[in-house]
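Dumped my_file-v3.cif below, it's mmCIF, C-alpha atoms:
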```cif
data_input
loop_
_atom_site.group_PDB
_atom_site.id
_atom_site.type_symbol
_atom_site.label_atom_id
_atom_site.label_comp_id
_atom_site.auth_asym_id
_atom_site.auth_seq_id
_atom_site.Cartn_x
_atom_site.Cartn_y
_atom_site.Cartn_z
ATOM 1 C CA MET A 23 -0.304 -12.783 15.990
ATOM 2 C CA THR A 24 -0.851 -9.228 14.786
ATOM 3 C CA LEU A 25 -1.311 -5.861 16.415
ATOM 4 C CA GLN A 26 -4.823 -4.476 16.588
ATOM 5 C CA GLY A 27 -6.209 -0.976 16.846
ATOM 6 C CA TYR A 28 -6.929 0.336 20.346
ATOM 7 C CA ARG A 29 -10.463 0.092 21.727
ATOM 8 C CA GLU A 30 -11.858 1.484 24.978
ATOM 9 C CA ASP A 31 -11.972 -2.112 26.335
ATOM 10 C CA ASP A 32 -8.157 -2.155 26.181
ATOM 11 C CA ARG A 33 -7.733 0.753 28.598
ATOM 12 C CA ASP A 34 -6.298 -1.472 31.362
ATOM 13 C CA LEU A 35 -3.278 -2.127 29.142
ATOM 14 C CA LEU A 36 -2.286 1.550 29.230
ATOM 15 C CA THR A 37 -1.197 1.544 32.889
ATOM 16 C CA GLY A 38 1.558 -0.600 34.350
ATOM 17 C CA SER A 39 4.821 -0.895 36.216
ATOM 18 C CA TRP A 40 7.221 -0.229 33.320
ATOM 19 C CA LEU A 41 9.175 3.050 33.124
ATOM 20 C CA ALA A 42 7.461 5.988 31.440
ATOM 21 C CA GLY A 43 8.436 6.429 27.818
ATOM 22 C CA GLU A 44 10.444 3.205 27.602
ATOM 23 C CA LEU A 45 10.964 1.748 24.123
ATOM 24 C CA LEU A 46 10.469 -1.795 25.356
ATOM 25 C CA GLY A 47 8.814 -1.399 28.731
ATOM 26 C CA LEU A 48 8.961 -4.583 30.771
ATOM 27 C CA PRO A 49 7.469 -4.717 34.279
ATOM 28 C CA VAL A 50 10.094 -3.416 36.723
ATOM 29 C CA PRO A 51 10.727 -5.927 39.539
ATOM 30 C CA ASP A 52 10.720 -4.646 43.141
ATOM 31 C CA ARG A 53 9.093 -1.392 42.184
ATOM 32 C CA PRO A 54 8.274 0.527 45.384
ATOM 33 C CA PRO A 55 4.561 0.281 46.194
ATOM 34 C CA LEU A 56 4.231 4.068 46.430
ATOM 35 C CA ALA A 57 5.786 4.644 43.006
ATOM 36 C CA GLU A 58 3.161 5.914 40.599
ATOM 37 C CA PRO A 59 2.491 3.475 37.760
ATOM 38 C CA ALA A 60 3.382 4.612 34.263
ATOM 39 C CA THR A 61 0.493 5.426 31.986
ATOM 40 C CA VAL A 62 -0.032 6.541 28.408
ATOM 41 C CA PRO A 63 -3.096 8.448 27.230
ATOM 42 C CA PRO A 64 -5.635 7.006 24.792
ATOM 43 C CA PRO A 65 -5.102 8.354 21.263
ATOM 44 C CA SER A 66 -6.490 11.859 20.855
ATOM 45 C CA GLY A 67 -5.121 13.257 17.609
ATOM 46 C CA ASP A 68 -3.018 12.636 14.546
ATOM 47 C CA ASP A 69 0.293 12.565 16.426
ATOM 48 C CA ASP A 70 -0.183 9.113 17.929
ATOM 49 C CA GLU A 71 -0.930 5.625 16.687
ATOM 50 C CA LEU A 72 -1.918 3.211 19.439
ATOM 51 C CA CYS A 73 -2.080 -0.537 18.879
ATOM 52 C CA VAL A 74 -2.571 -3.425 21.255
ATOM 53 C CA LEU A 75 -1.978 -7.107 21.552
ATOM 54 C CA PRO A 76 -5.168 -7.803 23.539
ATOM 55 C CA GLY A 77 -4.512 -8.726 27.143
ATOM 56 C CA VAL A 78 -0.742 -8.551 26.685
ATOM 57 C CA ALA A 79 0.666 -5.143 25.712
ATOM 58 C CA PHE A 80 0.258 -1.843 23.924
ATOM 59 C CA VAL A 81 2.490 -0.440 21.190
ATOM 60 C CA ARG A 82 2.411 3.317 20.808
ATOM 61 C CA TYR A 83 3.926 5.367 17.999
ATOM 62 C CA THR A 84 4.132 8.917 19.273
ATOM 63 C CA GLY A 85 5.533 12.130 17.835
ATOM 64 C CA LEU A 86 4.557 10.770 14.435
ATOM 65 C CA ASP A 87 6.166 13.029 11.867
ATOM 66 C CA TRP A 88 5.143 12.446 8.262
ATOM 67 C CA VAL A 89 7.733 14.867 6.854
ATOM 68 C CA HIS A 90 10.668 13.130 8.481
ATOM 69 C CA ARG A 91 8.797 9.778 8.430
ATOM 70 C CA ARG A 92 9.699 8.848 11.967
ATOM 71 C CA ALA A 93 8.061 8.024 15.280
ATOM 72 C CA ARG A 94 9.106 7.389 18.843
ATOM 73 C CA VAL A 95 7.973 3.944 19.943
ATOM 74 C CA GLU A 96 6.746 2.934 23.383
ATOM 75 C CA ILE A 97 5.820 -0.616 24.291
ATOM 76 C CA GLY A 98 4.327 -1.615 27.641
ATOM 77 C CA LEU A 99 3.902 -5.249 28.637
ATOM 78 C CA ARG A 100 1.629 -6.520 31.369
ATOM 79 C CA GLU A 101 3.138 -8.522 34.162
ATOM 80 C CA GLY A 102 3.343 -12.214 33.349
ATOM 81 C CA HIS A 103 3.780 -11.671 29.627
ATOM 82 C CA GLU A 104 7.506 -10.847 29.553
ATOM 83 C CA ASP A 105 8.144 -13.787 27.235
ATOM 84 C CA ALA A 106 6.183 -11.971 24.513
ATOM 85 C CA ALA A 107 8.698 -9.079 24.466
ATOM 86 C CA SER A 108 10.730 -10.337 21.519
ATOM 87 C CA MET A 109 7.654 -10.993 19.400
ATOM 88 C CA LEU A 110 6.228 -7.578 20.269
ATOM 89 C CA ALA A 111 9.405 -5.780 19.265
ATOM 90 C CA GLY A 112 9.207 -7.549 15.902
ATOM 91 C CA LEU A 113 5.513 -6.707 15.469
ATOM 92 C CA ALA A 114 6.198 -3.067 16.342
ATOM 93 C CA VAL A 115 8.939 -2.844 13.719
ATOM 94 C CA ASP A 116 6.804 -4.543 11.057
ATOM 95 C CA HIS A 117 3.836 -2.259 11.660
ATOM 96 C CA GLY A 118 5.991 0.883 11.771
ATOM 97 C CA LEU A 119 7.967 0.191 8.625
ATOM 98 C CA ARG A 120 5.479 -1.743 6.489
ATOM 99 C CA ASP A 121 2.055 -0.374 7.422
ATOM 100 C CA LEU A 122 2.909 3.172 8.513
ATOM 101 C CA ARG A 123 5.717 3.378 5.925
ATOM 102 C CA LEU A 124 8.054 5.105 8.363
ATOM 103 C CA HIS A 125 11.744 5.588 7.701
ATOM 104 C CA ARG A 126 12.868 5.595 11.298
ATOM 105 C CA LEU A 127 11.723 4.235 14.675
ATOM 106 C CA TYR A 128 13.421 5.274 17.885
ATOM 107 C CA GLY A 129 12.916 5.305 21.632
ATOM 108 C CA TRP A 130 14.369 5.481 25.105
ATOM 109 C CA ILE A 131 15.983 2.609 27.002
ATOM 110 C CA THR A 132 17.074 2.789 30.642
ATOM 111 C CA PRO A 133 19.990 0.352 31.085
ATOM 112 C CA ALA A 134 19.706 0.399 34.901
ATOM 113 C CA VAL A 135 16.488 -1.613 34.770
ATOM 114 C CA SER A 136 16.100 -2.859 31.236
ATOM 115 C CA PRO A 137 17.305 -6.279 30.169
ATOM 116 C CA ALA A 138 15.894 -5.531 26.725
ATOM 117 C CA ALA A 139 19.078 -4.691 24.793
ATOM 118 C CA ARG A 140 19.455 -8.148 23.249
ATOM 119 C CA LEU A 141 15.793 -8.275 22.221
ATOM 120 C CA LEU A 142 16.030 -4.845 20.605
ATOM 121 C CA THR A 143 19.228 -5.743 18.775
ATOM 122 C CA GLU A 144 17.524 -8.833 17.361
ATOM 123 C CA ALA A 145 14.640 -6.636 16.187
ATOM 124 C CA GLY A 146 17.098 -4.392 14.301
ATOM 125 C CA PHE A 147 17.535 -1.506 16.744
ATOM 126 C CA ARG A 148 20.958 -0.035 17.504
ATOM 127 C CA ARG A 149 22.105 2.195 20.349
ATOM 128 C CA GLU A 150 22.835 5.683 19.003
ATOM 129 C CA VAL A 151 23.238 7.937 22.025
ATOM 130 C CA SER A 152 23.881 7.434 25.699
ATOM 131 C CA VAL A 153 22.585 10.414 27.680
ATOM 132 C CA PRO A 154 24.163 10.924 31.134
ATOM 133 C CA ASP A 155 21.699 11.850 33.903
ATOM 134 C CA GLY A 156 18.827 11.404 31.480
ATOM 135 C CA PHE A 157 16.276 9.913 33.877
ATOM 136 C CA TRP A 158 15.304 10.218 37.514
ATOM 137 C CA LEU A 159 14.949 6.729 39.010
ATOM 138 C CA ALA A 160 14.748 5.494 42.597
ATOM 139 C CA GLY A 161 16.145 8.699 44.038
ATOM 140 C CA LYS A 162 19.055 9.207 41.687
ATOM 141 C CA LEU A 163 19.929 10.238 38.162
ATOM 142 C CA VAL A 164 20.658 7.395 35.763
ATOM 143 C CA GLU A 165 21.833 7.120 32.190
ATOM 144 C CA ARG A 166 19.257 6.770 29.420
ATOM 145 C CA GLU A 167 19.936 5.655 25.873
ATOM 146 C CA ILE A 168 18.351 6.389 22.518
ATOM 147 C CA TRP A 169 17.960 3.268 20.379
ATOM 148 C CA ALA A 170 16.847 3.508 16.781
ATOM 149 C CA LEU A 171 16.199 1.588 13.636
ATOM 150 C CA THR A 172 16.539 3.314 10.273
ATOM 151 C CA HIS A 173 15.058 1.805 7.148
ATOM 152 C CA ASP A 174 16.936 2.870 4.024
ATOM 153 C CA GLU A 175 14.442 3.833 1.313
ATOM 154 C CA MET B 28 26.920 37.902 27.315
ATOM 155 C CA SER B 29 23.736 38.774 25.478
ATOM 156 C CA ASP B 30 20.632 40.298 27.010
ATOM 157 C CA LEU B 31 17.793 37.799 27.001
ATOM 158 C CA ARG B 32 14.181 38.741 26.335
ATOM 159 C CA VAL B 33 11.671 35.964 27.026
ATOM 160 C CA LEU B 34 9.045 35.721 24.287
ATOM 161 C CA GLU B 35 5.388 34.760 24.574
ATOM 162 C CA ILE B 36 4.520 31.565 22.716
ATOM 163 C CA ALA B 37 2.781 33.358 19.816
ATOM 164 C CA ALA B 38 5.651 35.847 19.433
ATOM 165 C CA ALA B 39 8.179 33.020 19.617
ATOM 166 C CA ALA B 40 6.386 31.145 16.837
ATOM 167 C CA ALA B 41 6.274 34.309 14.711
ATOM 168 C CA GLU B 42 9.973 35.047 15.196
ATOM 169 C CA LEU B 43 10.846 31.436 14.528
ATOM 170 C CA ALA B 44 8.842 31.576 11.294
ATOM 171 C CA ASP B 45 10.807 34.705 10.293
ATOM 172 C CA SER B 46 14.130 33.024 11.033
ATOM 173 C CA ALA B 47 13.656 30.607 8.077
ATOM 174 C CA GLU B 48 16.781 28.502 7.448
ATOM 175 C CA ALA B 49 18.443 29.299 10.809
ATOM 176 C CA GLY B 50 15.334 28.060 12.625
ATOM 177 C CA ARG B 51 15.280 24.636 10.975
ATOM 178 C CA GLY B 52 15.758 21.985 13.642
ATOM 179 C CA PHE B 53 15.177 24.452 16.511
ATOM 180 C CA LEU B 54 14.000 22.103 19.317
ATOM 181 C CA GLY B 55 13.052 19.685 16.560
ATOM 182 C CA LEU B 56 10.804 22.230 14.828
ATOM 183 C CA ASP B 57 10.925 23.287 11.217
ATOM 184 C CA PRO B 58 9.577 26.760 10.342
ATOM 185 C CA VAL B 59 9.860 25.935 6.635
ATOM 186 C CA THR B 60 7.392 23.034 6.742
ATOM 187 C CA GLN B 61 5.355 24.063 9.824
ATOM 188 C CA ASN B 62 3.158 27.161 9.990
ATOM 189 C CA GLU B 63 2.951 29.557 12.926
ATOM 190 C CA PRO B 64 -0.045 27.959 14.715
ATOM 191 C CA LEU B 65 1.634 24.559 14.511
ATOM 192 C CA LEU B 66 4.938 25.962 15.771
ATOM 193 C CA ALA B 67 3.090 27.573 18.706
ATOM 194 C CA ALA B 68 1.231 24.332 19.486
ATOM 195 C CA GLU B 69 4.459 22.318 19.440
ATOM 196 C CA LEU B 70 6.263 24.822 21.685
ATOM 197 C CA ALA B 71 3.362 24.675 24.155
ATOM 198 C CA ARG B 72 3.275 20.864 24.053
ATOM 199 C CA MET B 73 6.994 20.751 24.918
ATOM 200 C CA SER B 74 6.606 23.394 27.678
ATOM 201 C CA ALA B 75 9.351 25.191 25.790
ATOM 202 C CA GLY B 76 10.683 28.680 26.357
ATOM 203 C CA VAL B 77 12.131 30.908 23.644
ATOM 204 C CA CYS B 78 14.243 34.025 24.172
ATOM 205 C CA ARG B 79 15.527 36.724 21.884
ATOM 206 C CA ALA B 80 19.263 37.332 22.413
ATOM 207 C CA ASP B 81 20.510 40.120 20.132
ATOM 208 C CA ASP B 82 20.089 38.819 16.584
ATOM 209 C CA ALA B 83 19.577 35.214 17.684
ATOM 210 C CA LEU B 84 16.807 33.083 19.128
ATOM 211 C CA VAL B 85 17.611 30.588 21.851
ATOM 212 C CA GLY B 86 15.214 28.013 23.225
ATOM 213 C CA PHE B 87 14.889 25.399 25.932
ATOM 214 C CA ALA B 88 12.522 22.556 26.773
ATOM 215 C CA PRO B 89 12.646 20.181 29.751
ATOM 216 C CA ASN B 90 13.350 16.470 29.365
ATOM 217 C CA PRO B 91 10.063 14.926 30.615
ATOM 218 C CA GLY B 92 11.930 12.105 32.368
ATOM 219 C CA GLN B 93 14.279 14.486 34.153
ATOM 220 C CA PRO B 94 12.939 18.062 34.191
ATOM 221 C CA ARG B 95 16.259 19.563 35.327
ATOM 222 C CA GLN B 96 17.806 18.408 32.076
ATOM 223 C CA MET B 97 17.041 20.893 29.303
ATOM 224 C CA PHE B 98 17.031 20.485 25.541
ATOM 225 C CA LEU B 99 18.607 23.621 24.049
ATOM 226 C CA ALA B 100 18.572 25.262 20.646
ATOM 227 C CA SER B 101 20.013 28.361 19.028
ATOM 228 C CA THR B 102 19.717 29.981 15.622
ATOM 229 C CA SER B 103 23.227 31.428 15.726
ATOM 230 C CA ALA B 104 26.832 30.230 15.541
ATOM 231 C CA ARG B 105 27.838 32.791 18.186
ATOM 232 C CA PRO B 106 28.396 31.380 21.707
ATOM 233 C CA GLU B 107 27.199 34.493 23.597
ATOM 234 C CA PRO B 108 23.437 33.794 23.298
ATOM 235 C CA VAL B 109 24.001 30.215 24.537
ATOM 236 C CA THR B 110 26.153 31.501 27.419
ATOM 237 C CA SER B 111 23.375 33.838 28.507
ATOM 238 C CA LEU B 112 20.798 31.074 28.264
ATOM 239 C CA LEU B 113 22.937 28.716 30.371
ATOM 240 C CA GLY B 114 23.211 31.366 33.083
ATOM 241 C CA PHE B 115 19.461 31.974 33.010
ATOM 242 C CA LEU B 116 18.618 28.266 33.233
ATOM 243 C CA ARG B 117 21.114 27.589 36.005
ATOM 244 C CA THR B 118 19.911 30.521 38.090
ATOM 245 C CA TYR B 119 16.177 30.502 37.514
ATOM 246 C CA CYS B 120 15.322 26.906 36.516
ATOM 247 C CA ARG B 121 17.998 25.071 38.556
ATOM 248 C CA SER B 122 18.942 23.080 35.478
ATOM 249 C CA ASP B 123 21.799 20.642 36.020
ATOM 250 C CA SER B 124 22.518 19.338 32.511
ATOM 251 C CA TYR B 125 21.821 20.215 28.892
ATOM 252 C CA LEU B 126 21.269 18.431 25.604
ATOM 253 C CA ALA B 127 21.351 19.961 22.137
ATOM 254 C CA MET B 128 20.203 18.116 19.033
ATOM 255 C CA VAL B 129 21.670 19.863 16.000
ATOM 256 C CA PRO B 130 21.030 18.914 12.344
ATOM 257 C CA ALA B 131 24.177 18.296 10.304
ATOM 258 C CA GLY B 132 25.516 21.535 8.894
ATOM 259 C CA HIS B 133 23.502 23.830 11.181
ATOM 260 C CA PRO B 134 25.532 26.855 12.378
ATOM 261 C CA SER B 135 24.570 26.416 16.050
ATOM 262 C CA ALA B 136 26.942 23.436 16.312
ATOM 263 C CA ALA B 137 29.785 25.957 16.531
ATOM 264 C CA ALA B 138 28.060 27.768 19.405
ATOM 265 C CA PHE B 139 27.634 24.616 21.476
ATOM 266 C CA GLU B 140 31.178 23.457 20.771
ATOM 267 C CA SER B 141 32.486 26.870 21.869
ATOM 268 C CA CYS B 142 30.579 26.407 25.122
ATOM 269 C CA ARG B 143 32.388 23.087 25.709
ATOM 270 C CA PHE B 144 29.467 20.844 24.975
ATOM 271 C CA THR B 145 30.679 17.362 24.069
ATOM 272 C CA ARG B 146 29.340 15.229 21.229
ATOM 273 C CA ILE B 147 27.734 12.136 22.687
ATOM 274 C CA GLY B 148 26.223 10.577 19.593
ATOM 275 C CA THR B 149 24.471 10.824 16.255
ATOM 276 C CA LEU B 150 20.831 10.195 15.362
ATOM 277 C CA ARG B 151 21.118 8.637 11.935
ATOM 278 C CA GLY B 152 18.751 9.899 9.230
ATOM 279 C CA HIS B 153 16.572 11.655 11.801
ATOM 280 C CA TRP B 154 15.982 14.828 9.773
ATOM 281 C CA TYR B 155 14.629 15.200 6.229
ATOM 282 C CA GLN B 156 15.615 18.350 4.384
ATOM 283 C CA SER B 157 16.190 19.315 0.755
ATOM 284 C CA GLY B 158 15.414 15.851 -0.541
ATOM 285 C CA GLU B 159 17.661 13.813 1.719
ATOM 286 C CA TYR B 160 17.814 12.374 5.199
ATOM 287 C CA ARG B 161 20.382 14.025 7.446
ATOM 288 C CA ASP B 162 21.949 13.071 10.725
ATOM 289 C CA ILE B 163 21.429 14.924 13.995
ATOM 290 C CA THR B 164 24.419 15.445 16.263
ATOM 291 C CA VAL B 165 23.676 15.248 19.984
ATOM 292 C CA TYR B 166 25.669 17.488 22.349
ATOM 293 C CA PHE B 167 25.718 17.307 26.131
ATOM 294 C CA ALA B 168 27.019 19.477 28.966
ATOM 295 C CA LYS B 169 26.770 19.543 32.743
ATOM 296 C CA ALA B 170 25.603 22.768 34.312
ATOM 297 C CA ALA B 171 28.967 23.344 35.971
ATOM 298 C CA VAL B 172 30.561 23.931 32.579
ATOM 299 C CA GLU B 173 30.950 27.655 32.030
ATOM 300 C CA CYS B 174 31.341 29.050 28.550
ATOM 301 C CA PRO B 175 34.726 30.768 28.336
ATOM 302 C CA SER B 176 33.549 33.572 26.040
#
```
Just dump the structure as structure tokens.
Amino acid sequence: MTLQGYREDDRDLLTGSWLAGELLGLPVPDRPPLAEPATVPPPSGDDDELCVLPGVAFVRYTGLDWVHRRARVEIGLREGHEDAASMLAGLAVDHGLRDLRLHRLYGWITPAVSPAARLLTEAGFRREVSVPDGFWLAGKLVEREIWALTHDE
Amino acid sequence: MSDLRVLEIAAAAAELADSAEAGRGFLGLDPVTQNEPLLAAELARMSAGVCRADDALVGFAPNPGQPRQMFLASTSARPEPVTSLLGFLRTYCRSDSYLAMVPAGHPSAAAFESCRFTRIGTLRGHWYQSGEYRDITVYFAKAAVECPS
């Protein structure tokens, strides 16, 4: 399978129950019904690259910086497709490093809800920073981590 | 303590452009490779604020996932501008914690260390300057921490 460019037909993929800005956003179980779903905007300029795996997930490279050759990655999976998470992390890395020729991919992970650490480690990401009180979740402040992958040129 | 003067976005971009080397890495911006309109657009996108404090510029931008956590930046090694900014943010923005992302070798690291920020990690190869990738050091402080200077 390969990532494809975003089309208007894929808009449903851009809203879901993962956490906003999450590097590998899996559906959060037991999310309160009144909690607003996370959403990402369709691409509107040169700062974002938005790809999809049709019907399954989106992969967004945001804050694309061609001087520093880096991007922050967000992945959002639809409910019922959690088993595709490992493959998607691999596809996101391949596209970022090989097609976009980036030097560095990074993103946010929220340990309180994310079981994704092992999947990210297998894809080559490493935890670089743990930020105390970095995210507001379910009525309290929780730690958020920055995970990154750096490709030596 | 330094007197703070809040700058409009356009004035902030102009002063940042004038700051040259000291402004590199200021809230992730680079006045050497980015022109004034781009600096202004990036500051607006981040909802950032920039203040003049004596001979230094200090800046802040909210963490989108936790708006009471502010990303900070300074162009100076002196702690006084950062002290003034912390007081301003605590009093007027109700900020409760701070992050600073400082490129390796940038003078502002001394200012944050003087204000008892702690190093919580390193972003490896996050910044490209003068032909090589450089690390970014990440500093953190809770709002209760007062700068001793």
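Non-sequential neighbours of stretch 24-28 of chain A (distance at most 6 Å, separation of 2 or more positions within a chain, all atoms listed in the file) are A:Leu72, A:Cys73, A:Val74, A:Leu75.
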Would you tabulate, counting all atoms listed in the file, all residues of chain A that have an atom at most 8 Å from an atom of chain B, showing the closest pair of atoms and their distance in Å to one decimal, sorted by chain then ascending number, as JSON lines?
```
{"residue": "A:Ala42", "atom": "CA", "partner": "B:Gly92", "partner_atom": "CA", "distance": 7.6}
{"residue": "A:Val89", "atom": "CA", "partner": "B:Tyr155", "partner_atom": "CA", "distance": 6.9}
{"residue": "A:His90", "atom": "CA", "partner": "B:Tyr155", "partner_atom": "CA", "distance": 5.0}
{"residue": "A:Arg92", "atom": "CA", "partner": "B:His153", "partner_atom": "CA", "distance": 7.4}
{"residue": "A:Arg126", "atom": "CA", "partner": "B:His153", "partner_atom": "CA", "distance": 7.1}
{"residue": "A:Glu150", "atom": "CA", "partner": "B:Gly148", "partner_atom": "CA", "distance": 6.0}
{"residue": "A:Val151", "atom": "CA", "partner": "B:Gly148", "partner_atom": "CA", "distance": 4.7}
{"residue": "A:Ser152", "atom": "CA", "partner": "B:Ile147", "partner_atom": "CA", "distance": 6.8}
{"residue": "A:Val153", "atom": "CA", "partner": "B:Ile147", "partner_atom": "CA", "distance": 7.4}
{"residue": "A:Asp155", "atom": "CA", "partner": "B:Ser124", "partner_atom": "CA", "distance": 7.7}
{"residue": "A:Gly156", "atom": "CA", "partner": "B:Gln93", "partner_atom": "CA", "distance": 6.1}
{"residue": "A:Phe157", "atom": "CA", "partner": "B:Gln93", "partner_atom": "CA", "distance": 5.0}
{"residue": "A:Trp158", "atom": "CA", "partner": "B:Gln93", "partner_atom": "CA", "distance": 5.5}
{"residue": "A:Ala170", "atom": "CA", "partner": "B:Leu150", "partner_atom": "CA", "distance": 7.9}
{"residue": "A:Thr172", "atom": "CA", "partner": "B:Gly152", "partner_atom": "CA", "distance": 7.0}
```
For this structure, which residues satisfy the selection - the PyMOL selection byres ((chain B and resi 65) around 12) - when it is evaluated on the file as given? I want them as a PDB file with C-alpha atoms, in the coordinates of the input.
```
ATOM      1  CA  ILE B  36       4.520  31.565  22.716  1.00  0.00           C
ATOM      2  CA  ALA B  37       2.781  33.358  19.816  1.00  0.00           C
ATOM      3  CA  ALA B  39       8.179  33.020  19.617  1.00  0.00           C
ATOM      4  CA  ALA B  40       6.386  31.145  16.837  1.00  0.00           C
ATOM      5  CA  ALA B  41       6.274  34.309  14.711  1.00  0.00           C
ATOM      6  CA  LEU B  43      10.846  31.436  14.528  1.00  0.00           C
ATOM      7  CA  ALA B  44       8.842  31.576  11.294  1.00  0.00           C
ATOM      8  CA  LEU B  56      10.804  22.230  14.828  1.00  0.00           C
ATOM      9  CA  ASP B  57      10.925  23.287  11.217  1.00  0.00           C
ATOM     10  CA  PRO B  58       9.577  26.760  10.342  1.00  0.00           C
ATOM     11  CA  VAL B  59       9.860  25.935   6.635  1.00  0.00           C
ATOM     12  CA  THR B  60       7.392  23.034   6.742  1.00  0.00           C
ATOM     13  CA  GLN B  61       5.355  24.063   9.824  1.00  0.00           C
ATOM     14  CA  ASN B  62       3.158  27.161   9.990  1.00  0.00           C
ATOM     15  CA  GLU B  63       2.951  29.557  12.926  1.00  0.00           C
ATOM     16  CA  PRO B  64      -0.045  27.959  14.715  1.00  0.00           C
ATOM     17  CA  LEU B  66       4.938  25.962  15.771  1.00  0.00           C
ATOM     18  CA  ALA B  67       3.090  27.573  18.706  1.00  0.00           C
ATOM     19  CA  ALA B  68       1.231  24.332  19.486  1.00  0.00           C
ATOM     20  CA  GLU B  69       4.459  22.318  19.440  1.00  0.00           C
ATOM     21  CA  LEU B  70       6.263  24.822  21.685  1.00  0.00           C
ATOM     22  CA  ALA B  71       3.362  24.675  24.155  1.00  0.00           C
ATOM     23  CA  ARG B  72       3.275  20.864  24.053  1.00  0.00           C
TER      24      ARG B  72
END
```
Write out as number ranges by chain the residues lying within 6 Å of stretch 97-114 of chain A, counting all atoms listed in the file and excluding same-chain residues fewer than 3 positions away. A: 45-49, 78-81, 117, 141, 145
Computed gap from atom CA of B:Ser103 to atom CA of B:Gly158 is 23.8 Å
Please indicate the distance in Å from atom CA of A:Arg29 to atom CA of A:Leu127, rounded to one decimal place.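 Separation between atom CA of A:Arg29 and atom CA of A:Leu127: 23.6 Å.
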Any chance you could model N, CA and C atoms for stretch 135-152 of chain A and send them as a PDB file, in the frame of the given file?
```pdb
ATOM      1  N   VAL A 135      17.551  -0.661  34.457  1.00  0.00           N
ATOM      2  CA  VAL A 135      16.488  -1.613  34.770  1.00  0.00           C
ATOM      3  C   VAL A 135      16.116  -2.496  33.587  1.00  0.00           C
ATOM      4  N   SER A 136      16.610  -2.163  32.409  1.00  0.00           N
ATOM      5  CA  SER A 136      16.100  -2.859  31.236  1.00  0.00           C
ATOM      6  C   SER A 136      17.028  -3.975  30.777  1.00  0.00           C
ATOM      7  N   PRO A 137      16.524  -5.183  30.748  1.00  0.00           N
ATOM      8  CA  PRO A 137      17.305  -6.279  30.169  1.00  0.00           C
ATOM      9  C   PRO A 137      17.003  -6.449  28.679  1.00  0.00           C
ATOM     10  N   ALA A 138      16.474  -5.369  28.054  1.00  0.00           N
ATOM     11  CA  ALA A 138      15.894  -5.531  26.725  1.00  0.00           C
ATOM     12  C   ALA A 138      16.885  -5.354  25.578  1.00  0.00           C
ATOM     13  N   ALA A 139      18.146  -5.034  25.875  1.00  0.00           N
ATOM     14  CA  ALA A 139      19.078  -4.691  24.793  1.00  0.00           C
ATOM     15  C   ALA A 139      19.191  -5.810  23.754  1.00  0.00           C
ATOM     16  N   ARG A 140      19.290  -7.049  24.210  1.00  0.00           N
ATOM     17  CA  ARG A 140      19.455  -8.148  23.249  1.00  0.00           C
ATOM     18  C   ARG A 140      18.209  -8.287  22.369  1.00  0.00           C
ATOM     19  N   LEU A 141      17.034  -8.150  22.986  1.00  0.00           N
ATOM     20  CA  LEU A 141      15.793  -8.275  22.221  1.00  0.00           C
ATOM     21  C   LEU A 141      15.697  -7.182  21.168  1.00  0.00           C
ATOM     22  N   LEU A 142      16.106  -5.961  21.551  1.00  0.00           N
ATOM     23  CA  LEU A 142      16.030  -4.845  20.605  1.00  0.00           C
ATOM     24  C   LEU A 142      17.034  -5.019  19.472  1.00  0.00           C
ATOM     25  N   THR A 143      18.221  -5.511  19.809  1.00  0.00           N
ATOM     26  CA  THR A 143      19.228  -5.743  18.775  1.00  0.00           C
ATOM     27  C   THR A 143      18.716  -6.772  17.764  1.00  0.00           C
ATOM     28  N   GLU A 144      18.072  -7.817  18.269  1.00  0.00           N
ATOM     29  CA  GLU A 144      17.524  -8.833  17.361  1.00  0.00           C
ATOM     30  C   GLU A 144      16.421  -8.257  16.469  1.00  0.00           C
ATOM     31  N   ALA A 145      15.707  -7.253  16.982  1.00  0.00           N
ATOM     32  CA  ALA A 145      14.640  -6.636  16.187  1.00  0.00           C
ATOM     33  C   ALA A 145      15.190  -5.609  15.199  1.00  0.00           C
ATOM     34  N   GLY A 146      16.488  -5.317  15.265  1.00  0.00           N
ATOM     35  CA  GLY A 146      17.098  -4.392  14.301  1.00  0.00           C
ATOM     36  C   GLY A 146      17.472  -3.044  14.860  1.00  0.00           C
ATOM     37  N   PHE A 147      17.194  -2.797  16.138  1.00  0.00           N
ATOM     38  CA  PHE A 147      17.535  -1.506  16.744  1.00  0.00           C
ATOM     39  C   PHE A 147      19.016  -1.463  17.095  1.00  0.00           C
ATOM     40  N   ARG A 148      19.578  -0.253  17.093  1.00  0.00           N
ATOM     41  CA  ARG A 148      20.958  -0.035  17.504  1.00  0.00           C
ATOM     42  C   ARG A 148      21.005   1.139  18.480  1.00  0.00           C
ATOM     43  N   ARG A 149      21.945   1.076  19.424  1.00  0.00           N
ATOM     44  CA  ARG A 149      22.105   2.195  20.349  1.00  0.00           C
ATOM     45  C   ARG A 149      22.818   3.340  19.626  1.00  0.00           C
ATOM     46  N   GLU A 150      22.231   4.537  19.691  1.00  0.00           N
ATOM     47  CA  GLU A 150      22.835   5.683  19.003  1.00  0.00           C
ATOM     48  C   GLU A 150      23.429   6.701  19.963  1.00  0.00           C
ATOM     49  N   VAL A 151      22.781   6.911  21.084  1.00  0.00           N
ATOM     50  CA  VAL A 151      23.238   7.937  22.025  1.00  0.00           C
ATOM     51  C   VAL A 151      23.039   7.421  23.442  1.00  0.00           C
ATOM     52  N   SER A 152      24.018   7.725  24.283  1.00  0.00           N
ATOM     53  CA  SER A 152      23.881   7.434  25.699  1.00  0.00           C
ATOM     54  C   SER A 152      23.875   8.779  26.437  1.00  0.00           C
TER      55      SER A 152
END
```
